[in-house]
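Trainee: Dumping the structure here so I can ask a few things about it.
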Amino acid sequence: MADFPNLSRRGFLNRSAAVGGLLVVPGLLSACSKTDAGSADGAGALEALRKQGFVRVAYANEAPYGYMEGKQLKGEAPTLHREIFKALGVDELKPTLSEWDGLIPGLQAGKYDVVSAGMAITPERCANAIFSEPEFISPTALMVKKGNPKKVTDLASAKAAGVVVGVMSGAVEGSYAEGAGIPQDRIKSLQKPQDGADAVKGGRIDAFLLTGISLRWLAKTNPGTEVTEAFLPELDGKRQYSPGGAVFRKGNEDLRDAFNRELKKIVSDRSRYVGLLQEYGFGATELPPTTLKTADLCKG
């Protein structure tokens, strides 16, 4: 699972509604009040899940956020959600694979109870579902050759050193590089993450700009590279946190609130958070700040 299938769909790489999974199918919207057998709605949602002994979660098979390895559901979101639901008295995650664009429509239709896919929290998505508080933020980093010969640490140092920076085609990192004043002729577009790693190793670019989460995962299969410490880029004077969270069906606010109470215990304990998620490239730099709230993110 070292590849990154359709990373631009994640939303913190490309925020357009069509790409970000906000395709709302009329037939599914009309089915929002209907659920499959065993689904849970309203104030009794958590109790219903406890009685049935499992929670149905959707994933999009995107490492390191949520993916299947053999018969085991792994990744940031399933690992964190498994811990939280066990604390709530629900011992099992029952996974359903979905295309990224179908995650929210499937949730609305009652096909599962929670989206466990590291989905970015955006105002457009908040109109169609309810999010937990942020589970993580996605600071940016740079992949460079081993030893970091150009000594770049962030976009300001990349600009000062006159390096050539690679970004994913159509992804938000391109705007970060431009916003930092890097000339367009020193910004090279690439089609997928492995192309960026190959370009760094081959000397065609000096640094590859992407989320630290993604780059640390990518570096596992690309010897000869290293990843800088993560940093928060600014765009129009605003820090770009790019947070993600769990997604629930509207009407399940009580379930979401119970989830949030357990989530807060984990994100308030740095060592516990890192211990749970470091396998997937998440560290202390991905801990969401206490001031970052979903209600504010949903307002835009």
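Order determines the names: the first chain of the structure tokens is A, the second B, and so forth; residues in each chain are numbered 1 upward, and ligands are numbered 1 upward as they are shown.
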Please provide the set of residues having any atom within 9 Å of stretch 220-235 of chain A, restricted to only C-alpha atoms, with same-chain residues fewer than 4 positions apart removed, written as a compact mmCIF listing (two decimals) with N, CA, C and O atoms, in the first residue's frame.

Mentor:
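Writing done, so here's part.txt:
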# COMPACT_ATOMS: atom_id res chain seq x y z
N ALA A 2 2.03 1.18 -0.58
CA ALA A 2 2.90 2.35 -0.56
C ALA A 2 2.48 3.39 -1.58
O ALA A 2 2.93 4.51 -1.54
N SER A 138 -2.55 18.58 8.67
CA SER A 138 -1.65 18.08 7.63
C SER A 138 -0.60 19.12 7.27
O SER A 138 -0.66 19.72 6.20
N PRO A 139 0.36 19.36 8.16
CA PRO A 139 1.43 20.31 7.82
C PRO A 139 2.17 19.84 6.57
O PRO A 139 2.22 18.66 6.25
N THR A 140 2.75 20.79 5.89
CA THR A 140 3.48 20.52 4.66
C THR A 140 4.94 20.22 4.99
O THR A 140 5.46 20.61 6.02
N ALA A 141 5.59 19.48 4.10
CA ALA A 141 7.02 19.19 4.25
C ALA A 141 7.65 19.12 2.87
O ALA A 141 6.95 19.25 1.84
N LEU A 142 8.94 18.90 2.82
CA LEU A 142 9.68 18.79 1.57
C LEU A 142 10.47 17.48 1.56
O LEU A 142 11.17 17.16 2.53
N MET A 143 10.34 16.73 0.48
CA MET A 143 11.20 15.57 0.28
C MET A 143 12.42 16.02 -0.50
O MET A 143 12.30 16.71 -1.52
N VAL A 144 13.59 15.65 0.01
CA VAL A 144 14.85 16.06 -0.62
C VAL A 144 15.77 14.84 -0.69
O VAL A 144 15.47 13.78 -0.12
N LYS A 145 16.89 14.99 -1.38
CA LYS A 145 17.88 13.92 -1.40
C LYS A 145 18.46 13.73 0.01
O LYS A 145 18.51 14.67 0.81
N LYS A 146 18.89 12.51 0.28
CA LYS A 146 19.50 12.20 1.57
C LYS A 146 20.63 13.18 1.85
O LYS A 146 21.47 13.46 0.99
N GLY A 147 20.62 13.74 3.04
CA GLY A 147 21.63 14.72 3.41
C GLY A 147 21.19 16.15 3.17
O GLY A 147 21.86 17.08 3.61
N ASN A 148 20.08 16.33 2.45
CA ASN A 148 19.52 17.66 2.18
C ASN A 148 20.60 18.63 1.68
O ASN A 148 20.93 19.63 2.34
N VAL A 152 17.35 23.03 2.51
CA VAL A 152 16.04 23.68 2.57
C VAL A 152 15.25 23.13 3.76
O VAL A 152 15.33 21.95 4.09
N THR A 153 14.51 24.01 4.41
CA THR A 153 13.70 23.61 5.57
C THR A 153 12.24 23.99 5.43
O THR A 153 11.39 23.43 6.10
N ASP A 154 11.97 24.96 4.56
CA ASP A 154 10.60 25.42 4.34
C ASP A 154 10.56 26.17 3.01
O ASP A 154 11.56 26.20 2.28
N LEU A 155 9.44 26.79 2.69
CA LEU A 155 9.32 27.46 1.40
C LEU A 155 10.17 28.73 1.34
O LEU A 155 10.68 29.09 0.27
N SER A 175 -0.16 26.39 -5.13
CA SER A 175 -0.50 27.75 -4.68
C SER A 175 0.33 28.16 -3.48
O SER A 175 0.65 29.34 -3.31
N TYR A 176 0.71 27.19 -2.63
CA TYR A 176 1.58 27.51 -1.50
C TYR A 176 2.94 27.99 -2.01
O TYR A 176 3.50 28.97 -1.49
N ALA A 177 3.48 27.28 -3.00
CA ALA A 177 4.79 27.66 -3.53
C ALA A 177 4.74 29.04 -4.19
O ALA A 177 5.63 29.88 -3.97
N GLY A 179 2.57 31.40 -3.53
CA GLY A 179 2.33 32.37 -2.46
C GLY A 179 3.59 32.72 -1.70
O GLY A 179 3.70 33.82 -1.13
N ALA A 180 4.55 31.78 -1.67
CA ALA A 180 5.81 32.04 -0.99
C ALA A 180 6.79 32.80 -1.87
O ALA A 180 7.91 33.12 -1.43
N GLN A 194 4.83 9.23 -6.54
CA GLN A 194 6.05 8.51 -6.91
C GLN A 194 6.84 9.26 -7.96
O GLN A 194 8.08 9.22 -7.97
N ALA A 197 9.03 11.62 -6.01
CA ALA A 197 10.18 10.95 -5.40
C ALA A 197 11.23 10.62 -6.46
O ALA A 197 12.44 10.80 -6.23
N ASP A 198 10.78 10.14 -7.61
CA ASP A 198 11.72 9.80 -8.68
C ASP A 198 12.45 11.04 -9.18
O ASP A 198 13.65 10.98 -9.49
N VAL A 200 13.14 13.76 -7.45
CA VAL A 200 14.14 14.14 -6.44
C VAL A 200 15.37 13.26 -6.58
O VAL A 200 16.51 13.75 -6.64
N LYS A 201 15.17 11.95 -6.66
CA LYS A 201 16.30 11.02 -6.74
C LYS A 201 17.10 11.23 -8.02
O LYS A 201 18.32 11.09 -8.04
N THR A 211 2.14 17.01 1.80
CA THR A 211 1.96 16.92 3.24
C THR A 211 3.04 16.04 3.84
O THR A 211 3.49 15.06 3.23
N GLY A 212 3.45 16.37 5.06
CA GLY A 212 4.44 15.56 5.74
C GLY A 212 3.97 14.13 5.92
O GLY A 212 4.77 13.18 5.82
N ILE A 213 2.69 13.93 6.17
CA ILE A 213 2.12 12.60 6.31
C ILE A 213 2.41 11.77 5.07
O ILE A 213 2.92 10.64 5.14
N LEU A 215 4.53 12.36 2.59
CA LEU A 215 5.95 12.21 2.24
C LEU A 215 6.66 11.20 3.13
O LEU A 215 7.50 10.43 2.66
N ARG A 216 6.32 11.17 4.40
CA ARG A 216 6.95 10.18 5.29
C ARG A 216 6.57 8.76 4.88
O ARG A 216 7.39 7.85 4.95
N ARG A 239 -2.59 30.61 8.02
CA ARG A 239 -1.93 29.31 8.13
C ARG A 239 -2.84 28.22 7.57
O ARG A 239 -4.05 28.22 7.81
N GLN A 240 -2.22 27.30 6.86
CA GLN A 240 -2.97 26.23 6.20
C GLN A 240 -2.83 24.94 7.01
O GLN A 240 -1.87 24.21 6.89
N TYR A 241 -3.85 24.66 7.85
CA TYR A 241 -3.80 23.49 8.73
C TYR A 241 -4.24 22.21 8.03
O TYR A 241 -3.79 21.12 8.36
N THR A 285 3.61 16.68 15.14
CA THR A 285 3.30 17.82 14.26
C THR A 285 1.90 17.71 13.65
O THR A 285 1.39 18.70 13.12
N GLU A 286 1.31 16.53 13.72
CA GLU A 286 -0.05 16.34 13.17
C GLU A 286 -1.14 16.52 14.22
O GLU A 286 -2.33 16.44 13.91

Trainee: Select, from A:Val115, A:Leu190, A:Ala284, A:Phe131, the residue with the minimum atom-to-atom distance to A:Glu173, counting only C-alpha atoms.

Mentor: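 Closest candidate: A:Leu190.
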
Trainee: Which of stretch 36-227 of chain A end up as helix (DSSP H, G or I) when DSSP is run on this backbone - answer as a PyMOL selection string?

Mentor: chain A and resi 42-52+76-87+100-108+123-126+155-161+173-179+184-186+193-202+212-219

Trainee: Nearest to A:Leu103: which of A:Val247, A:Leu46, A:Leu210, A:Met68 is it, counting only C-alpha atoms?

Mentor: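 Using only C-alpha atoms, the shortest distance to A:Leu103 belongs to A:Val247.
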
Trainee: What is the distance, in Å and to one decimal place, between atom CA of A:Lys111 and atom CA of A:Leu297?

Mentor: 26.2 Å

Trainee: So, counting only C-alpha atoms, which residue among A:Asp236, A:Glu62, A:Asp269, A:Asp91 is closest to A:Ala77?

Mentor: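 Of all the options, A:Glu62 lies closest to A:Ala77.
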
Trainee: Go ahead and compute the interatomic distance for atom CA of A:Val114 and atom CA of A:Leu263, in Å to one decimal.

Mentor: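 These two atoms are separated by 14.3 Å.
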
Trainee: Within 12 Å of A:Gly275, counting only C-alpha atoms, which residues qualify if same-chain residues fewer than 4 places away don't, as a PDB file with N, CA and C atoms, in the first residue's frame?

Mentor:
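Just written: result_22.pdb:
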ATOM      1  N   GLU A  76      -4.562   5.530   9.626  1.00  0.00           N
ATOM      2  CA  GLU A  76      -4.809   6.520  10.684  1.00  0.00           C
ATOM      3  C   GLU A  76      -6.228   6.444  11.215  1.00  0.00           C
ATOM      4  N   THR A  79      -7.437   3.027  12.895  1.00  0.00           N
ATOM      5  CA  THR A  79      -6.717   2.807  14.150  1.00  0.00           C
ATOM      6  C   THR A  79      -7.262   3.700  15.251  1.00  0.00           C
ATOM      7  N   LEU A  80      -7.435   4.961  14.938  1.00  0.00           N
ATOM      8  CA  LEU A  80      -7.961   5.912  15.920  1.00  0.00           C
ATOM      9  C   LEU A  80      -9.412   5.589  16.260  1.00  0.00           C
ATOM     10  N   ILE A 266      -7.566  11.465  23.572  1.00  0.00           N
ATOM     11  CA  ILE A 266      -6.398  10.995  22.822  1.00  0.00           C
ATOM     12  C   ILE A 266      -5.555  12.159  22.318  1.00  0.00           C
ATOM     13  N   VAL A 267      -6.196  13.167  21.721  1.00  0.00           N
ATOM     14  CA  VAL A 267      -5.415  14.284  21.171  1.00  0.00           C
ATOM     15  C   VAL A 267      -4.842  15.169  22.272  1.00  0.00           C
ATOM     16  N   ASP A 269      -3.295  13.847  24.764  1.00  0.00           N
ATOM     17  CA  ASP A 269      -2.187  13.040  25.291  1.00  0.00           C
ATOM     18  C   ASP A 269      -1.216  12.764  24.146  1.00  0.00           C
ATOM     19  N   ARG A 270      -0.193  13.579  24.033  1.00  0.00           N
ATOM     20  CA  ARG A 270       0.728  13.507  22.898  1.00  0.00           C
ATOM     21  C   ARG A 270       1.334  12.116  22.730  1.00  0.00           C
ATOM     22  N   SER A 271       1.808  11.537  23.807  1.00  0.00           N
ATOM     23  CA  SER A 271       2.471  10.240  23.696  1.00  0.00           C
ATOM     24  C   SER A 271       1.490   9.151  23.253  1.00  0.00           C
ATOM     25  N   GLU A 279       3.048   4.676  13.221  1.00  0.00           N
ATOM     26  CA  GLU A 279       3.239   3.658  12.187  1.00  0.00           C
ATOM     27  C   GLU A 279       2.818   4.166  10.810  1.00  0.00           C
ATOM     28  N   TYR A 280       1.884   5.115  10.803  1.00  0.00           N
ATOM     29  CA  TYR A 280       1.328   5.615   9.542  1.00  0.00           C
ATOM     30  C   TYR A 280       1.869   6.993   9.167  1.00  0.00           C
ATOM     31  N   GLY A 281       2.926   7.423   9.836  1.00  0.00           N
ATOM     32  CA  GLY A 281       3.559   8.689   9.481  1.00  0.00           C
ATOM     33  C   GLY A 281       2.998   9.895  10.201  1.00  0.00           C
ATOM     34  N   PHE A 282       2.177   9.676  11.221  1.00  0.00           N
ATOM     35  CA  PHE A 282       1.603  10.778  11.994  1.00  0.00           C
ATOM     36  C   PHE A 282       2.405  10.949  13.273  1.00  0.00           C
ATOM     37  N   GLY A 283       2.779  12.181  13.564  1.00  0.00           N
ATOM     38  CA  GLY A 283       3.550  12.461  14.762  1.00  0.00           C
ATOM     39  C   GLY A 283       2.982  13.650  15.502  1.00  0.00           C
ATOM     40  N   ALA A 284       3.778  14.224  16.378  1.00  0.00           N
ATOM     41  CA  ALA A 284       3.323  15.357  17.176  1.00  0.00           C
ATOM     42  C   ALA A 284       2.959  16.553  16.306  1.00  0.00           C
TER      43      ALA A 284
END

Trainee: Might you pull out every residue within 8 Å of stretch 71-73 of chain A, with only C-alpha atoms counted and same-chain residues fewer than 5 positions away left off, and present them as a PDB file with N, CA and C atoms, in the first residue's frame?

Mentor:
ATOM      1  N   GLY A  66      -6.708   5.137   5.440  1.00  0.00           N
ATOM      2  CA  GLY A  66      -7.589   4.019   5.693  1.00  0.00           C
ATOM      3  C   GLY A  66      -7.492   3.044   4.543  1.00  0.00           C
ATOM      4  N   PRO A  78      -8.962   4.209  10.799  1.00  0.00           N
ATOM      5  CA  PRO A  78      -9.425   2.990  11.466  1.00  0.00           C
ATOM      6  C   PRO A  78      -8.739   2.735  12.807  1.00  0.00           C
ATOM      7  N   PRO A  95     -15.884  -3.015   8.091  1.00  0.00           N
ATOM      8  CA  PRO A  95     -15.526  -2.095   7.004  1.00  0.00           C
ATOM      9  C   PRO A  95     -16.328  -2.283   5.722  1.00  0.00           C
TER      10      PRO A  95
END
